[in-house]
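A.B. asks: Below you will find the structure I want to go over with you.
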Amino acid sequence: MERPEGWADEAKLDETTRLDLYRKQSAIRQFEQRAYDLFLQNLVKGTSHLSLGQEAVAAGFGAAMRYDDFSFCTYRGHAHTLVRGASMTGLMAELLGRSNGILAGKGGSMHLTSTEHYAMGSYAIVGAHLPIAAGAAWAAQERGTGQVAVCFFGDGTTNIGAFHEAINLATVWKLPVVFVCENNLYMEYTPISSVTAVEHPAAQRAAAYGLEPLIVDGNDVDEVYGIATTYIERARAGEGPALIEAKTYRKGGHSRADPAKYRPPEEVESWLARDPIDLYRARLLELGFEAAVLDDIDAQVLVEVNRATEEAKAAPPPSKDLIYTDVWADGGSQWRN
Amino acid sequence: MERPEGWADEAKLDETTRLDLYRKQSAIRQFEQRAYDLFLQNLVKGTSHLSLGQEAVAAGFGAAMRYDDFSFCTYRGHAHTLVRGASMTGLMAELLGRSNGILAGKGGSMHLTSTEHYAMGSYAIVGAHLPIAAGAAWAAQERGTGQVAVCFFGDGTTNIGAFHEAINLATVWKLPVVFVCENNLYMEYTPISSVTAVEHPAAQRAAAYGLEPLIVDGNDVDEVYGIATTYIERARAGEGPALIEAKTYRKGGHSRADPAKYRPPEEVESWLARDPIDLYRARLLELGFEAAVLDDIDAQVLVEVNRATEEAKAAPPPSKDLIYTDVWADGGSQWRN
Amino acid sequence: MAELTYRDAVAAGIAQEMRRDDNVYFIGEDVAAAGGVFKTTGGLLETFGPRRVRDTPISEEAIVGAVMGAAMAGLRPVGEVMFSDFFATCWDIVANQVAKTRYMTNGQVTLPLVLRSANGGGLRFGAQHSQAVENWAMAIPGLKVVAPSTPADVKGLLAASIRDDDPVVFLEAKSLYATKGEVPDDEHVEPLGRAVVHGDGDDVVLIALASMVPKALEAAQRLRVEHDIGCRVVDLRSLVPLDMSTILEAVGATGRVFTVEENPRLCGWGAEISSIVAEEAFYDLDGPIVRITTPHVPLPAAETLEDEAIPSVERIVDTVVKEQ
Amino acid sequence: MAELTYRDAVAAGIAQEMRRDDNVYFIGEDVAAAGGVFKTTGGLLETFGPRRVRDTPISEEAIVGAVMGAAMAGLRPVGEVMFSDFFATCWDIVANQVAKTRYMTNGQVTLPLVLRSANGGGLRFGAQHSQAVENWAMAIPGLKVVAPSTPADVKGLLAASIRDDDPVVFLEAKSLYATKGEVPDDEHVEPLGRAVVHGDGDDVVLIALASMVPKALEAAQRLRVEHDIGCRVVDLRSLVPLDMSTILEAVGATGRVFTVEENPRLCGWGAEISSIVAEEAFYDLDGPIVRITTPHVPLPAAETLEDEAIPSVERIVDTVVKEQ
Ligand SMILES: Cc1ncc(C[n+]2csc(CCOP(=O)(O)OP(=O)(O)O)c2C)c(N)n1
Ligand SMILES: Cc1ncc(C[n+]2csc(CCOP(=O)(O)OP(=O)(O)O)c2C)c(N)n1
Ligand SMILES: [Mg+2]
Ligand SMILES: [Mg+2]
């Protein structure tokens, strides 16, 4: 696949951007490792879906988005919500089901949302958020706000009907939306290749919607940032949607219940050798960044994660009254008089 | 698009086949014209969807199918059900809501079915029958019956999710199913081009499922028969599904309620000049068939249509007891004791 | 006041709100250039232009999804699902996304949207184009459910639904599209959640919705004249919010309750109301609560069968006479 | 007799039928190689091979559509919809196609198929993975609806559902997967449509389904011991067919009816049964019929909230004590 014109050249990324990309990945990584620890301590209730190993995708797109661009993601959405600037305490507390959770415990780990940061929600039923993201893009188009919607989903999602409907509509209406398929090779426990008619489940379908086939190394955050910037800005300029397939891999299982035994060891090893954060750290060092600067970022993040953990653990569970709030815009749940 | 190898050569079609193709088209045409007359007499209740002008598709595929191949079609399904050998009286009576209707009046014009002839139903919600046809093909594959499923649908159907899900599954499981998109350029009243990301809504999406792009002149019954035979037999031989786009045009409106004023007159004229039956008659005459033979077929069909009409009109409405039959396999509708 | 059809009142209601609020948009299949397959939205494209009134592909998930996303992002969109049976093709977006997102996000997301649809039988369209699905929507927490019985209510309740900050499933009775009635020319908005009581008979209350209201009214008339049974008829107008106080008042006044509903028998709104009454007004009841419904079968197509399956004036009268 | 979990009884039921009938096939997402995300179908792939036990793409419409088409064409397939919430993504195929096709074709098409799914809350999965949707299915004519409460019933009722010539929606309570019970080793088939009555208290009847059955039983125990209230508990086991004669008998014996259901309040099976009782057994009633349900809200995720929302033993006891 040729690099399209205007694809931001990674060699030209400035220092601030690079450190931001590093920080975002570090934040995701440390946040999720902590979430995993808390899960082992039986403090995370319900399910949870980590994207350890996939940090570069959320980080690269997160850095490329304007503060008020809309983002939509899945149940595997800690990363995508964090990078928009949502409160770490709020996110951690939501996983723990505490009153200071970002959804006050009502939504849970699969529905993280921070509209204040234009993180428009995590959607737990495969495919549903693609048309919803298209709708937000439609509103942006009509209201002339210049916002772009970015919609993250997995490889498995490319086989559900809503994928098809949403991308067709987005093209026909030339909506400012960028669809990002994080191809981590697996659905829950089943390899995508075993149930998909084409090898590249997103890229090889782009032509069905009149779009270019786009694949990016999802473990190289500079590459991700580059393609993200290019297509987000094209969309913002009124040139319509894009569908980008980012190849990546999750280090662990699909969800907390999954030891991920179904993956060939060689495959796992070869991907673990391409850890996006290790790769990026090495690149930055090579480019002359000081190890101390990076360590400092990691340390700052750790402080933040520690604080978030403490604040979350210290908070009480949500008040039972919340059960009856916010079904309706009036704040309540009355369906009768 | 190149003619794939093995595409049956229309020049080689034998006389019997040709007359069969003529007869099938004549039967559809005369049946539907009669249905339209009865509608004008207010004898057809509910809705009805004619495929006048699209006869060559159903006829060509009908002739190419083995007697026990499964067919699945839409609310616009008189043609596709007739060509399988279903009773003309039964079909006409169903349109009139009579007791001798093929569904005893319970289904109505949009659900014509004759399982005895492997006409597995007409489906009135866009897209639903594509996965169902795939399922029938799956059963045929597993049971080793050698049956192929043929599934007809319109251009508008290519934008609904079920289209995408069904074709992907069919390819992955290498199912013996042939998907036939009758592209008549319109959904109900809206041109398909105005709401679709690509020009050829089926053919340009075939690659998304690892299939060849196939387009056929849907007003040339020999061409249709040729491509139908080829891909049905390939499917039967275990080579998997196909997706064929047949370009055609409906002479009238979408349904009885529609005067079809939304179409540019030049477009209508140019297509009316390519009436599939006129074209075929001309070709047969050119090939040396006698006009009298063709007239005789038309006359036989007319006798049949007349008989069907009379038998349908003479029958009483269905007995009210039928409301309570055949919800369940035991013949009844009891949901409690 | 002008006399309008129920059909024309739809466009009137949408137009009133589009004129008032630039954020009101309207999309659906064949709704713009063609004015809707039931001709309910004619003229809107001409008046409001191709950006605010748009045809979509046949992609119900995309339609409802786009409406939801747009509502999150500043529009106040109206989407048409051509026949209410097709809600099944986008039920995930309706029932799992639209209905639940405000709650799940602890109120972060507000969804001021309307999903309009042609509902119910009577046109011999068969089992996949004739369902009355108000109970599907009523069963889902987070959806308001509105179903008018008159042209004036179509305009007024549709306007209120568009102004409402919650998602509303607005079900138009396709068998009533051709009916006529006076509709205020001026701005007309009817609050959601208020039932209307017709008559003041003391013997029985008939509780009805949408297409069943004219039938219940005619039955009430015949019951009075032919059987000397005094009825009052409650036109629910919306199922959510539900005007239980009006219902319970009518129960108190009569002691005998009959619900008249078009949906198939099991788990309909009639069951819901009956069970609320059996719980809260048990001691007001003078006898069994009787539900008059379509039997629990898919709707048959043929005229004679469909007419027999859907509750008729005849059946209402006979049932009340027999049970009362 | 062996002690099995509710979870393992699923595979036992499917295996029994696959062994008996070569036309029984099983498909779904992650069901074969992985043995199901709830580990309900482990070992089936190994025993019956990759043709009869197959993983599918994430394409619920294709799964259910394929199951339907295969059932028309000679198989007796079982399809898994991973969480019952996802029925919304294929509701058209379930409610409009599977349920109606036999009727619409005047009996030409027979659909011997089962759609299994993990139903209900209790695992803190939030509003899109915890719904109890038995009422969605019950509202659709043409679907049988089965929901077992014990491992033995999982095996026996699943076997009967597979043998049944009609489409069955088989809802497994995910909160019960880890529970254990004696399950017959030999061929075990429980007929559909027979409720089971536990106890013979004369004061009240608690009518419950699936996950609510163990809670109702525990509540009954406490009501007897702590409050001297004699209960009988009806475990419905299937909603369609519905064993109304057993229910009406229990109503007659007690005069006070409490339904205990997990689905949100409006239009649940409790409303249906309550309204039938209010119509047919009105004169047997000694007081209001009371429904104990999840409130009409999407289910919240946090432990404390979820536990409060879903009916608990506590709430059942308190409600009965207060209302009785
Ligand atoms: C419609 C639907 N079907 C099934 C599921 C269960 N499920 C949750 S995640 C998942 C796998 C999704 O795979 P992919 O899209 O590749 O995303 P990933 O988890 O790899 O990020 C499945 C099948 C669901 N949530 N929604
Ligand atoms: C899911 C769904 N949406 C909308 C409709 C209403 N509808 C019936 S036919 C039709 C147009 C279908 O167009 P196409 O697939 O091109 O078939 P054609 O009618 O041209 O044969 C529409 C929108 C429907 N039946 N089902
Ligand atoms: Mg994946
Ligand atoms: Mg068409």
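Ordering of the structure tokens sets the chain letters (A, B, ...), residue numbers begin anew at 1 in every chain, and ligands are numbered from 1 in the order given.
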Up to 7 Å from chain A, what residues of chain B turn up? Count only C-alpha atoms and give them as a PyMOL selection string.
C.D. replies: chain B and resi 159-162+164-165+168+171-172+195-198+204-205+208-210
A.B. asks: Using only C-alpha atoms and all ligand atoms, find each residue with an atom at most 7 Å away from ligand 4 and format the answer as a short mmCIF file (atom, residue, chain, number, x, y, z; two decimals) with N, CA and C atoms, in the first residue's frame.
C.D. replies:
data_model
loop_
_atom_site.label_atom_id
_atom_site.label_comp_id
_atom_site.auth_asym_id
_atom_site.auth_seq_id
_atom_site.Cartn_x
_atom_site.Cartn_y
_atom_site.Cartn_z
N GLY B 154 -33.02 -7.27 -4.43
CA GLY B 154 -32.87 -6.06 -5.24
C GLY B 154 -31.61 -5.29 -4.93
N ASP B 155 -31.37 -4.27 -5.73
CA ASP B 155 -30.23 -3.39 -5.53
C ASP B 155 -30.26 -2.71 -4.16
N GLY B 156 -31.45 -2.31 -3.74
CA GLY B 156 -31.56 -1.60 -2.47
C GLY B 156 -31.13 -2.45 -1.29
N GLU B 182 -30.99 -8.31 -8.42
CA GLU B 182 -31.67 -7.73 -9.58
C GLU B 182 -31.61 -6.23 -9.43
N ASN B 183 -30.67 -5.65 -10.13
CA ASN B 183 -30.49 -4.20 -10.02
C ASN B 183 -31.41 -3.50 -11.01
N ASN B 184 -32.57 -3.08 -10.50
CA ASN B 184 -33.52 -2.36 -11.35
C ASN B 184 -33.41 -0.85 -11.13
N LEU B 185 -32.30 -0.44 -10.58
CA LEU B 185 -31.91 0.98 -10.43
C LEU B 185 -32.67 1.72 -9.34
N TYR B 186 -33.73 1.14 -8.80
CA TYR B 186 -34.51 1.84 -7.79
C TYR B 186 -34.80 0.94 -6.59
N MET B 187 -34.89 1.59 -5.47
CA MET B 187 -35.44 0.95 -4.29
C MET B 187 -36.95 1.09 -4.42
N GLU B 188 -37.63 1.70 -3.44
CA GLU B 188 -39.04 1.92 -3.72
C GLU B 188 -39.15 3.06 -4.73
#
A.B. asks: When distances are computed from only C-alpha atoms, which of A:Arg336, A:Lys24, A:Lys313, A:Arg98 shows the smallest separation from chain D?
C.D. replies: A:Arg98
A.B. asks: Could you produce a table of the residues of chain D lying within 12 Å of ligand 2, with the nearest pair of atoms per residue and their separation in Å rounded to one decimal, using only C-alpha atoms and all ligand atoms, ordered by chain and increasing residue number, as JSON lines?
C.D. replies:
{"residue": "D:Cys90", "atom": "CA", "partner": "ligand 2", "partner_atom_place_in_ligand_line": "1 (C)", "distance": 11.9}
{"residue": "D:Trp91", "atom": "CA", "partner": "ligand 2", "partner_atom_place_in_ligand_line": "1 (C)", "distance": 11.6}
{"residue": "D:Asp92", "atom": "CA", "partner": "ligand 2", "partner_atom_place_in_ligand_line": "1 (C)", "distance": 8.5}
{"residue": "D:Ile93", "atom": "CA", "partner": "ligand 2", "partner_atom_place_in_ligand_line": "1 (C)", "distance": 10.8}
{"residue": "D:Asn96", "atom": "CA", "partner": "ligand 2", "partner_atom_place_in_ligand_line": "1 (C)", "distance": 10.8}
A.B. asks: Quick check: residues of chain C within 9 Å of chain B, only C-alpha atoms, returned as a count of residues only.
C.D. replies: 37
A.B. asks: Can you tell me how far atom CA of Asn219 of chain B sits from atom CA of Met120 of chain B, in Å to one decimal?
C.D. replies: 24.6 Å
A.B. asks: Using only C-alpha atoms, which chain D residues lie at most 7 Å away from chain C, written as a tab-separated table (two decimals) with C-alpha atoms, in the first residue's frame?
C.D. replies:
chain	number	residue	atom	x	y	z
D	88	ALA	CA	-31.81	-7.34	19.51
D	89	THR	CA	-29.20	-7.51	16.75
D	90	CYS	CA	-31.09	-10.31	14.99
D	91	TRP	CA	-34.61	-9.62	16.18
D	92	ASP	CA	-35.94	-9.38	12.65
D	96	ASN	CA	-40.38	-11.66	11.91
D	100	LYS	CA	-43.99	-16.25	11.49
D	103	TYR	CA	-48.05	-19.51	9.88
D	128	GLN	CA	-26.20	-4.40	27.62
D	135	ASN	CA	-40.81	-11.17	27.75
D	136	TRP	CA	-39.43	-10.04	24.40
D	138	MET	CA	-43.08	-14.28	24.89
D	139	ALA	CA	-44.63	-11.29	23.13
D	141	PRO	CA	-46.50	-15.41	18.47
D	142	GLY	CA	-44.71	-18.41	17.05
D	266	LEU	CA	-43.42	-3.15	32.06
D	267	CYS	CA	-45.03	-5.85	29.94
D	268	GLY	CA	-43.24	-8.74	31.59
D	269	TRP	CA	-44.55	-12.28	31.89
D	271	ALA	CA	-48.10	-8.83	33.87
D	272	GLU	CA	-49.37	-11.46	31.49
D	274	SER	CA	-51.44	-11.47	36.54
D	275	SER	CA	-53.87	-10.32	33.90
D	278	ALA	CA	-57.45	-11.25	37.06
D	279	GLU	CA	-59.63	-12.31	34.17
D	282	PHE	CA	-60.94	-13.16	39.80
D	287	GLY	CA	-56.49	-9.67	47.56
D	288	PRO	CA	-54.40	-7.80	45.01
D	289	ILE	CA	-52.04	-9.64	42.70
D	290	VAL	CA	-48.58	-8.33	43.38
D	296	HIS	CA	-38.33	-0.27	34.92
D	297	VAL	CA	-34.77	0.92	34.42
D	298	PRO	CA	-31.80	-0.38	32.40
A.B. asks: Between atom CA of Arg76 of chain D and atom CA of Val24 of chain D, what is the distance, to one decimal in Å?
C.D. replies: 4.7 Å
A.B. asks: Determine which residues of segment 98-293 of chain B DSSP labels as alpha helix (DSSP H) from the backbone of this structure, then write them out as JSON, numbers by chain.
C.D. replies: {"B": [129, 130, 131, 132, 133, 134, 135, 136, 137, 138, 139, 140, 141, 142, 143, 161, 162, 163, 164, 165, 166, 167, 168, 169, 170, 171, 172, 221, 222, 223, 224, 225, 226, 227, 228, 229, 230, 231, 232, 233, 234, 235, 236, 265, 266, 267, 268, 269, 270, 271, 272, 276, 277, 278, 279, 280, 281, 282, 283, 284, 285, 286, 291, 292, 293]}
